[in-house]
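Printed here is my_file01.cif (mmCIF, C-alpha atoms):
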data_run
#
loop_
_atom_site.group_PDB
_atom_site.id
_atom_site.type_symbol
_atom_site.label_atom_id
_atom_site.label_comp_id
_atom_site.auth_asym_id
_atom_site.auth_seq_id
_atom_site.Cartn_x
_atom_site.Cartn_y
_atom_site.Cartn_z
ATOM 1 C CA MET F 25 -7.020 0.333 10.252
ATOM 2 C CA THR F 26 -9.357 -2.257 8.831
ATOM 3 C CA CYS F 27 -7.537 -3.020 5.576
ATOM 4 C CA ILE F 28 -6.082 -6.524 5.720
ATOM 5 C CA PHE F 29 -3.085 -5.612 3.540
ATOM 6 C CA CYS F 30 -2.281 -2.549 5.652
ATOM 7 C CA GLN F 31 -2.319 -4.827 8.685
ATOM 8 C CA ILE F 32 -0.010 -7.343 7.023
ATOM 9 C CA ALA F 33 2.374 -4.522 6.075
ATOM 10 C CA VAL F 34 2.811 -3.548 9.755
ATOM 11 C CA ARG F 35 2.849 -7.175 10.913
ATOM 12 C CA ARG F 36 -0.418 -7.013 12.787
ATOM 13 C CA LEU F 37 -1.643 -9.903 10.681
ATOM 14 C CA PRO F 38 0.534 -12.846 9.671
ATOM 15 C CA ALA F 39 1.636 -13.599 6.117
ATOM 16 C CA ASP F 40 4.357 -15.635 4.477
ATOM 17 C CA ILE F 41 6.553 -12.706 3.460
ATOM 18 C CA LEU F 42 9.194 -13.229 0.770
ATOM 19 C CA TYR F 43 10.409 -9.681 0.239
ATOM 20 C CA GLU F 44 9.916 -6.159 1.512
ATOM 21 C CA ASP F 45 11.371 -2.703 1.048
ATOM 22 C CA ASP F 46 10.314 0.855 1.810
ATOM 23 C CA ASP F 47 7.560 0.825 -0.806
ATOM 24 C CA LEU F 48 6.448 -2.775 -1.301
ATOM 25 C CA ILE F 49 5.821 -6.023 0.498
ATOM 26 C CA VAL F 50 5.548 -9.429 -1.177
ATOM 27 C CA PHE F 51 3.828 -12.436 0.373
ATOM 28 C CA LYS F 52 2.184 -15.696 -0.626
ATOM 29 C CA GLU F 53 -1.424 -15.643 -1.830
ATOM 30 C CA VAL F 54 -3.486 -17.708 0.624
ATOM 31 C CA ASN F 55 -5.672 -19.112 -2.161
ATOM 32 C CA PRO F 56 -3.080 -19.828 -4.869
ATOM 33 C CA GLU F 57 -4.168 -20.322 -8.469
ATOM 34 C CA ALA F 58 -0.694 -21.300 -9.703
ATOM 35 C CA PRO F 59 2.226 -23.320 -8.285
ATOM 36 C CA ILE F 60 3.820 -20.000 -7.359
ATOM 37 C CA HIS F 61 1.282 -17.287 -6.543
ATOM 38 C CA LEU F 62 2.455 -14.175 -4.735
ATOM 39 C CA LEU F 63 0.995 -10.739 -4.072
ATOM 40 C CA ILE F 64 3.114 -7.637 -4.590
ATOM 41 C CA VAL F 65 1.525 -4.972 -2.420
ATOM 42 C CA SER F 66 2.167 -1.267 -1.939
ATOM 43 C CA ARG F 67 2.816 -0.199 1.656
ATOM 44 C CA VAL F 68 0.781 2.956 1.166
ATOM 45 C CA HIS F 69 -2.947 2.402 1.030
ATOM 46 C CA ILE F 70 -4.201 3.078 -2.488
ATOM 47 C CA ASP F 71 -7.503 1.390 -3.203
ATOM 48 C CA THR F 72 -7.433 0.679 -6.943
ATOM 49 C CA LEU F 73 -5.674 1.504 -10.205
ATOM 50 C CA ASN F 74 -8.246 4.249 -10.671
ATOM 51 C CA SER F 75 -6.649 6.199 -7.815
ATOM 52 C CA LEU F 76 -3.146 6.240 -9.279
ATOM 53 C CA ASP F 77 -1.765 9.539 -10.557
ATOM 54 C CA GLU F 78 1.404 10.682 -12.310
ATOM 55 C CA GLN F 79 3.290 10.551 -9.002
ATOM 56 C CA SER F 80 2.053 7.307 -7.484
ATOM 57 C CA VAL F 81 2.101 5.339 -10.744
ATOM 58 C CA GLY F 82 5.856 4.977 -10.236
ATOM 59 C CA LEU F 83 4.890 2.240 -7.787
ATOM 60 C CA MET F 84 3.781 0.101 -10.714
ATOM 61 C CA ALA F 85 7.230 0.290 -12.275
ATOM 62 C CA LYS F 86 8.744 -0.716 -8.933
ATOM 63 C CA MET F 87 6.339 -3.645 -8.696
ATOM 64 C CA VAL F 88 7.416 -4.871 -12.116
ATOM 65 C CA LEU F 89 11.122 -4.650 -11.231
ATOM 66 C CA VAL F 90 10.498 -6.581 -8.011
ATOM 67 C CA ALA F 91 8.492 -9.165 -9.979
ATOM 68 C CA LYS F 92 11.379 -9.580 -12.398
ATOM 69 C CA ARG F 93 13.813 -10.087 -9.508
ATOM 70 C CA ILE F 94 11.511 -12.615 -7.848
ATOM 71 C CA ALA F 95 11.232 -14.553 -11.101
ATOM 72 C CA GLU F 96 15.037 -14.750 -11.173
ATOM 73 C CA ASP F 97 15.270 -15.774 -7.528
ATOM 74 C CA LEU F 98 12.601 -18.465 -7.911
ATOM 75 C CA LYS F 99 13.982 -19.559 -11.293
ATOM 76 C CA THR F 100 10.683 -19.083 -13.072
ATOM 77 C CA GLN F 101 11.844 -16.541 -15.678
ATOM 78 C CA SER F 102 10.688 -18.866 -18.447
ATOM 79 C CA GLY F 103 7.080 -18.207 -17.542
ATOM 80 C CA TYR F 104 5.269 -15.870 -15.188
ATOM 81 C CA ARG F 105 2.199 -13.712 -15.329
ATOM 82 C CA LEU F 106 1.478 -10.379 -13.669
ATOM 83 C CA VAL F 107 -2.161 -9.458 -13.098
ATOM 84 C CA ILE F 108 -3.766 -6.382 -11.592
ATOM 85 C CA ASN F 109 -7.515 -6.474 -11.083
ATOM 86 C CA CYS F 110 -9.304 -3.164 -10.732
ATOM 87 C CA GLY F 111 -12.640 -3.240 -8.940
ATOM 88 C CA ARG F 112 -14.808 -6.033 -7.593
ATOM 89 C CA GLU F 113 -16.234 -6.661 -11.071
ATOM 90 C CA ALA F 114 -12.753 -7.639 -12.237
ATOM 91 C CA GLY F 115 -12.084 -9.845 -9.223
ATOM 92 C CA GLN F 116 -10.267 -7.406 -6.934
ATOM 93 C CA VAL F 117 -11.113 -8.891 -3.530
ATOM 94 C CA VAL F 118 -9.020 -6.607 -1.327
ATOM 95 C CA LEU F 119 -9.374 -2.926 -2.174
ATOM 96 C CA HIS F 120 -5.689 -2.164 -1.622
ATOM 97 C CA LEU F 121 -3.553 -1.962 -4.758
ATOM 98 C CA HIS F 122 -1.729 -5.225 -5.482
ATOM 99 C CA MET F 123 -0.225 -7.189 -8.321
ATOM 100 C CA HIS F 124 -0.561 -10.947 -8.642
ATOM 101 C CA PHE F 125 2.606 -12.824 -9.539
ATOM 102 C CA MET F 126 1.877 -16.284 -10.923
ATOM 103 C CA GLY F 127 4.316 -18.822 -12.278
ATOM 104 C CA GLY F 128 6.127 -22.063 -11.672
ATOM 105 C CA TRP F 129 3.944 -24.183 -13.941
ATOM 106 C CA ARG F 130 6.838 -26.065 -15.462
ATOM 107 C CA LYS F 131 8.198 -26.955 -12.039
ATOM 108 C CA LYS F 132 4.999 -28.688 -11.035
ATOM 109 C CA MET S 11 11.360 -6.516 -39.294
ATOM 110 C CA THR S 12 9.464 -9.708 -38.636
ATOM 111 C CA CYS S 13 7.794 -8.772 -35.364
ATOM 112 C CA ILE S 14 4.057 -8.403 -35.907
ATOM 113 C CA PHE S 15 3.690 -5.676 -33.245
ATOM 114 C CA CYS S 16 6.590 -3.678 -34.694
ATOM 115 C CA GLN S 17 4.828 -3.846 -38.051
ATOM 116 C CA ILE S 18 1.526 -2.695 -36.568
ATOM 117 C CA ALA S 19 3.317 0.204 -34.875
ATOM 118 C CA VAL S 20 4.557 1.522 -38.237
ATOM 119 C CA ARG S 21 1.261 0.698 -40.001
ATOM 120 C CA ARG S 22 2.695 -2.009 -42.196
ATOM 121 C CA LEU S 23 0.101 -4.358 -40.783
ATOM 122 C CA PRO S 24 -3.477 -3.344 -40.024
ATOM 123 C CA ALA S 25 -4.993 -3.127 -36.554
ATOM 124 C CA ASP S 26 -7.962 -1.445 -34.960
ATOM 125 C CA ILE S 27 -6.021 1.299 -33.197
ATOM 126 C CA LEU S 28 -7.684 3.174 -30.322
ATOM 127 C CA TYR S 29 -4.796 5.255 -29.058
ATOM 128 C CA GLU S 30 -1.167 6.051 -29.759
ATOM 129 C CA ASP S 31 1.569 8.351 -28.531
ATOM 130 C CA ASP S 32 5.354 8.511 -28.797
ATOM 131 C CA ASP S 33 5.859 5.468 -26.582
ATOM 132 C CA LEU S 34 2.768 3.306 -26.864
ATOM 133 C CA ILE S 35 0.136 2.059 -29.250
ATOM 134 C CA VAL S 36 -3.201 0.521 -28.228
ATOM 135 C CA PHE S 37 -5.291 -1.716 -30.470
ATOM 136 C CA LYS S 38 -7.971 -4.385 -30.254
ATOM 137 C CA GLU S 39 -6.940 -7.972 -29.521
ATOM 138 C CA VAL S 40 -7.923 -10.086 -32.521
ATOM 139 C CA ASN S 41 -8.906 -13.033 -30.312
ATOM 140 C CA PRO S 42 -10.728 -11.267 -27.471
ATOM 141 C CA GLU S 43 -11.288 -13.042 -24.167
ATOM 142 C CA ALA S 44 -13.467 -10.274 -22.707
ATOM 143 C CA PRO S 45 -16.118 -7.863 -24.075
ATOM 144 C CA ILE S 46 -13.363 -5.240 -24.216
ATOM 145 C CA HIS S 47 -9.925 -6.697 -24.873
ATOM 146 C CA LEU S 48 -7.135 -4.380 -25.946
ATOM 147 C CA LEU S 49 -3.373 -4.642 -26.185
ATOM 148 C CA ILE S 50 -1.184 -1.823 -24.890
ATOM 149 C CA VAL S 51 2.106 -2.173 -26.746
ATOM 150 C CA SER S 52 5.447 -0.411 -26.508
ATOM 151 C CA ARG S 53 6.700 1.127 -29.751
ATOM 152 C CA VAL S 54 10.229 0.053 -28.985
ATOM 153 C CA HIS S 55 10.875 -3.641 -29.415
ATOM 154 C CA ILE S 56 11.463 -5.222 -26.020
ATOM 155 C CA ASP S 57 10.824 -8.951 -26.027
ATOM 156 C CA THR S 58 9.672 -9.726 -22.478
ATOM 157 C CA LEU S 59 9.488 -8.389 -18.937
ATOM 158 C CA ASN S 60 12.832 -10.096 -18.332
ATOM 159 C CA SER S 61 14.511 -7.533 -20.599
ATOM 160 C CA LEU S 62 13.262 -4.466 -18.716
ATOM 161 C CA ASP S 63 15.773 -2.434 -16.721
ATOM 162 C CA GLU S 64 15.645 0.599 -14.420
ATOM 163 C CA GLN S 65 15.330 2.892 -17.440
ATOM 164 C CA SER S 66 12.863 1.040 -19.624
ATOM 165 C CA VAL S 67 10.582 -0.035 -16.785
ATOM 166 C CA GLY S 68 9.122 3.472 -16.874
ATOM 167 C CA LEU S 69 7.161 2.179 -19.857
ATOM 168 C CA MET S 70 5.139 0.020 -17.490
ATOM 169 C CA ALA S 71 4.035 3.058 -15.510
ATOM 170 C CA LYS S 72 3.025 4.756 -18.768
ATOM 171 C CA MET S 73 1.056 1.673 -19.803
ATOM 172 C CA VAL S 74 -0.861 1.753 -16.526
ATOM 173 C CA LEU S 75 -1.705 5.453 -16.901
ATOM 174 C CA VAL S 76 -2.925 4.849 -20.439
ATOM 175 C CA ALA S 77 -4.987 1.876 -19.214
ATOM 176 C CA LYS S 78 -6.587 4.061 -16.563
ATOM 177 C CA ARG S 79 -7.470 6.692 -19.175
ATOM 178 C CA ILE S 80 -8.906 4.071 -21.515
ATOM 179 C CA ALA S 81 -11.057 2.685 -18.692
ATOM 180 C CA GLU S 82 -12.432 6.194 -18.188
ATOM 181 C CA ASP S 83 -13.021 6.741 -21.892
ATOM 182 C CA LEU S 84 -14.755 3.383 -22.315
ATOM 183 C CA LYS S 85 -16.639 3.784 -19.021
ATOM 184 C CA THR S 86 -15.376 0.519 -17.618
ATOM 185 C CA GLN S 87 -13.685 1.900 -14.490
ATOM 186 C CA SER S 88 -15.857 -0.341 -12.325
ATOM 187 C CA GLY S 89 -13.985 -3.375 -13.549
ATOM 188 C CA TYR S 90 -10.933 -4.017 -15.670
ATOM 189 C CA ARG S 91 -7.938 -6.290 -15.559
ATOM 190 C CA LEU S 92 -4.368 -5.720 -16.684
ATOM 191 C CA VAL S 93 -2.288 -8.775 -17.545
ATOM 192 C CA ILE S 94 1.299 -9.137 -18.693
ATOM 193 C CA ASN S 95 2.459 -12.596 -19.664
ATOM 194 C CA CYS S 96 6.166 -13.253 -19.672
ATOM 195 C CA GLY S 97 7.363 -16.103 -21.861
ATOM 196 C CA ARG S 98 5.591 -18.742 -23.905
ATOM 197 C CA GLU S 99 5.023 -20.872 -20.812
ATOM 198 C CA ALA S 100 2.850 -18.075 -19.397
ATOM 199 C CA GLY S 101 0.942 -17.572 -22.635
ATOM 200 C CA GLN S 102 2.959 -14.766 -24.231
ATOM 201 C CA VAL S 103 2.236 -15.407 -27.901
ATOM 202 C CA VAL S 104 4.015 -12.394 -29.411
ATOM 203 C CA LEU S 105 7.475 -11.797 -28.004
ATOM 204 C CA HIS S 106 7.122 -8.007 -27.943
ATOM 205 C CA LEU S 107 6.250 -6.479 -24.588
ATOM 206 C CA HIS S 108 2.511 -5.839 -24.205
ATOM 207 C CA MET S 109 -0.157 -5.477 -21.578
ATOM 208 C CA HIS S 110 -3.637 -6.946 -21.962
ATOM 209 C CA PHE S 111 -6.509 -4.666 -20.997
ATOM 210 C CA MET S 112 -9.714 -6.598 -20.327
ATOM 211 C CA GLY S 113 -13.043 -5.265 -19.140
ATOM 212 C CA GLY S 114 -16.595 -4.396 -20.069
ATOM 213 C CA TRP S 115 -18.166 -7.468 -18.489
ATOM 214 C CA ARG S 116 -21.043 -5.535 -16.966
ATOM 215 C CA LYS S 117 -21.871 -3.905 -20.270
ATOM 216 C CA LYS S 118 -22.380 -7.232 -21.955
#
Would you write out, as structure tokens, the structure that this file holds?
Amino acid sequence: MTCIFCQIAVRRLPADILYEDDDLIVFKEVNPEAPIHLLIVSRVHIDTLNSLDEQSVGLMAKMVLVAKRIAEDLKTQSGYRLVINCGREAGQVVLHLHMHFMGGWRKK
Amino acid sequence: MTCIFCQIAVRRLPADILYEDDDLIVFKEVNPEAPIHLLIVSRVHIDTLNSLDEQSVGLMAKMVLVAKRIAEDLKTQSGYRLVINCGREAGQVVLHLHMHFMGGWRKK
């Protein structure tokens, strides 16, 4: 298991985890580009958006619901951005499906 | 009906439409920030991510599947980015739920 996100999911590598359930794990981005910058990561290893199918795409809906809940919890509903990069060309550094949650600008 | 995206959806306002189905409509962003910059828009008027619920969040999964298909059609699977801004503070200009599809950098 060489994938860094798979290792975080099973706690073999450390991360500042804010939320987890059976499908997803949420932790702080180590190189934040916003006052609040989190990664919403699937537990199952899927490399990119290109590998999603009719079944697994349900994960994306779950990610969005978790993002919405996090925005409420962190009181940043007034402004947050969800970003999914697909492929190195688009800036996907870790080839394990994840959504960036960015917000908190007004708080800064 | 004052929402610009609602008007595009019923063809009362023009747009360069690439795809549509019962739930979604896809057209070119008028102020592109990437060689390929499209908007994937729900037909139903939902203002922001904050208004999604367990039922309507299925739209997000549909948007992702459509994005994946578009990437294939436009041969930009090697790199594309999906962005959803929630609220003015995050850069959401039109308060009607939409996903930005950006890609085509390598083609440029």
Neighbour list for S:Pro42 as a compact mmCIF listing (two decimals) with C-alpha atoms, keeping the file's coordinate frame, cut-off 12 Å, only C-alpha atoms, skip fewer than 6 positions in-chain:
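Wrote it out as selection_22.txt, contents follow:
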# COMPACT_ATOMS: atom_id res chain seq x y z
CA LEU S 48 -7.14 -4.38 -25.95
CA LEU S 49 -3.37 -4.64 -26.18
CA HIS S 110 -3.64 -6.95 -21.96
CA PHE S 111 -6.51 -4.67 -21.00
CA MET S 112 -9.71 -6.60 -20.33
CA GLY S 113 -13.04 -5.26 -19.14
CA GLY S 114 -16.60 -4.40 -20.07
Contact set, chain S to chain F: 7 Å, only C-alpha atoms, as a list in words: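 That gives the following set of residues: Leu59, Asn60, Val67, Gly68, Met70, Ala71, Lys78, Ser88, Gly89, Tyr90, Arg91, Leu92, Val93, Ile94, Asn95, Cys96, Gly97, Arg98, Glu99 and Ala100 of chain S.
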Which residues would end up in the selection if the PyMOL selection byres ((chain F and resi 120) around 9) were applied here, given that I need the answer as a PyMOL selection string? chain F and resi 27-30+65-66+68-72+116-119+121-122
Correct to one decimal, the distance atom CA of F:Glu53-atom CA of F:Ala39 is 8.8 Å
What's the separation between atom CA of S:Arg53 and atom CA of S:Asp32, in Å to one decimal place?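 Interatomic distance here is 7.6 Å.
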Pairwise distance for atom CA of S:Phe37 and atom CA of F:Ala58, rounded to one decimal in Å: 28.9 Å
Can you work out which one of F:Ile64, F:Lys99, F:Thr26, F:Arg35 has the shortest atom-to-atom distance to F:Leu48, counting only C-alpha atoms? F:Ile64
Since the input is missing atoms for stretch 42-55 of chain S, could you rebuild it with N, CA and C atoms and give the result as a PDB file, keeping the file's coordinate frame?
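Output (selection-v3.pdb):
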ATOM      1  N   PRO S  42     -10.373 -11.812 -28.789  1.00  0.00           N
ATOM      2  CA  PRO S  42     -10.728 -11.267 -27.471  1.00  0.00           C
ATOM      3  C   PRO S  42     -11.228 -12.325 -26.494  1.00  0.00           C
ATOM      4  N   GLU S  43     -10.838 -12.145 -25.237  1.00  0.00           N
ATOM      5  CA  GLU S  43     -11.288 -13.042 -24.167  1.00  0.00           C
ATOM      6  C   GLU S  43     -12.151 -12.289 -23.170  1.00  0.00           C
ATOM      7  N   ALA S  44     -12.589 -11.085 -23.549  1.00  0.00           N
ATOM      8  CA  ALA S  44     -13.467 -10.274 -22.707  1.00  0.00           C
ATOM      9  C   ALA S  44     -14.219  -9.331 -23.651  1.00  0.00           C
ATOM     10  N   PRO S  45     -15.365  -8.782 -23.209  1.00  0.00           N
ATOM     11  CA  PRO S  45     -16.118  -7.863 -24.075  1.00  0.00           C
ATOM     12  C   PRO S  45     -15.253  -6.723 -24.621  1.00  0.00           C
ATOM     13  N   ILE S  46     -14.380  -6.205 -23.760  1.00  0.00           N
ATOM     14  CA  ILE S  46     -13.363  -5.240 -24.216  1.00  0.00           C
ATOM     15  C   ILE S  46     -12.008  -5.889 -23.981  1.00  0.00           C
ATOM     16  N   HIS S  47     -11.248  -6.084 -25.025  1.00  0.00           N
ATOM     17  CA  HIS S  47      -9.925  -6.697 -24.873  1.00  0.00           C
ATOM     18  C   HIS S  47      -8.961  -5.981 -25.808  1.00  0.00           C
ATOM     19  N   LEU S  48      -8.085  -5.195 -25.196  1.00  0.00           N
ATOM     20  CA  LEU S  48      -7.135  -4.380 -25.946  1.00  0.00           C
ATOM     21  C   LEU S  48      -5.709  -4.802 -25.601  1.00  0.00           C
ATOM     22  N   LEU S  49      -4.789  -4.443 -26.466  1.00  0.00           N
ATOM     23  CA  LEU S  49      -3.373  -4.642 -26.185  1.00  0.00           C
ATOM     24  C   LEU S  49      -2.688  -3.279 -26.124  1.00  0.00           C
ATOM     25  N   ILE S  50      -1.962  -3.053 -25.054  1.00  0.00           N
ATOM     26  CA  ILE S  50      -1.184  -1.823 -24.890  1.00  0.00           C
ATOM     27  C   ILE S  50       0.267  -2.214 -25.149  1.00  0.00           C
ATOM     28  N   VAL S  51       0.840  -1.667 -26.202  1.00  0.00           N
ATOM     29  CA  VAL S  51       2.106  -2.173 -26.746  1.00  0.00           C
ATOM     30  C   VAL S  51       3.145  -1.058 -26.793  1.00  0.00           C
ATOM     31  N   SER S  52       4.357  -1.389 -26.402  1.00  0.00           N
ATOM     32  CA  SER S  52       5.447  -0.411 -26.508  1.00  0.00           C
ATOM     33  C   SER S  52       5.862  -0.273 -27.974  1.00  0.00           C
ATOM     34  N   ARG S  53       6.203   0.954 -28.375  1.00  0.00           N
ATOM     35  CA  ARG S  53       6.700   1.127 -29.751  1.00  0.00           C
ATOM     36  C   ARG S  53       8.072   0.475 -29.915  1.00  0.00           C
ATOM     37  N   VAL S  54       8.895   0.637 -28.910  1.00  0.00           N
ATOM     38  CA  VAL S  54      10.229   0.053 -28.985  1.00  0.00           C
ATOM     39  C   VAL S  54      10.111  -1.457 -28.807  1.00  0.00           C
ATOM     40  N   HIS S  55      10.935  -2.184 -29.527  1.00  0.00           N
ATOM     41  CA  HIS S  55      10.875  -3.641 -29.415  1.00  0.00           C
ATOM     42  C   HIS S  55      11.659  -4.119 -28.196  1.00  0.00           C
TER      43      HIS S  55
END
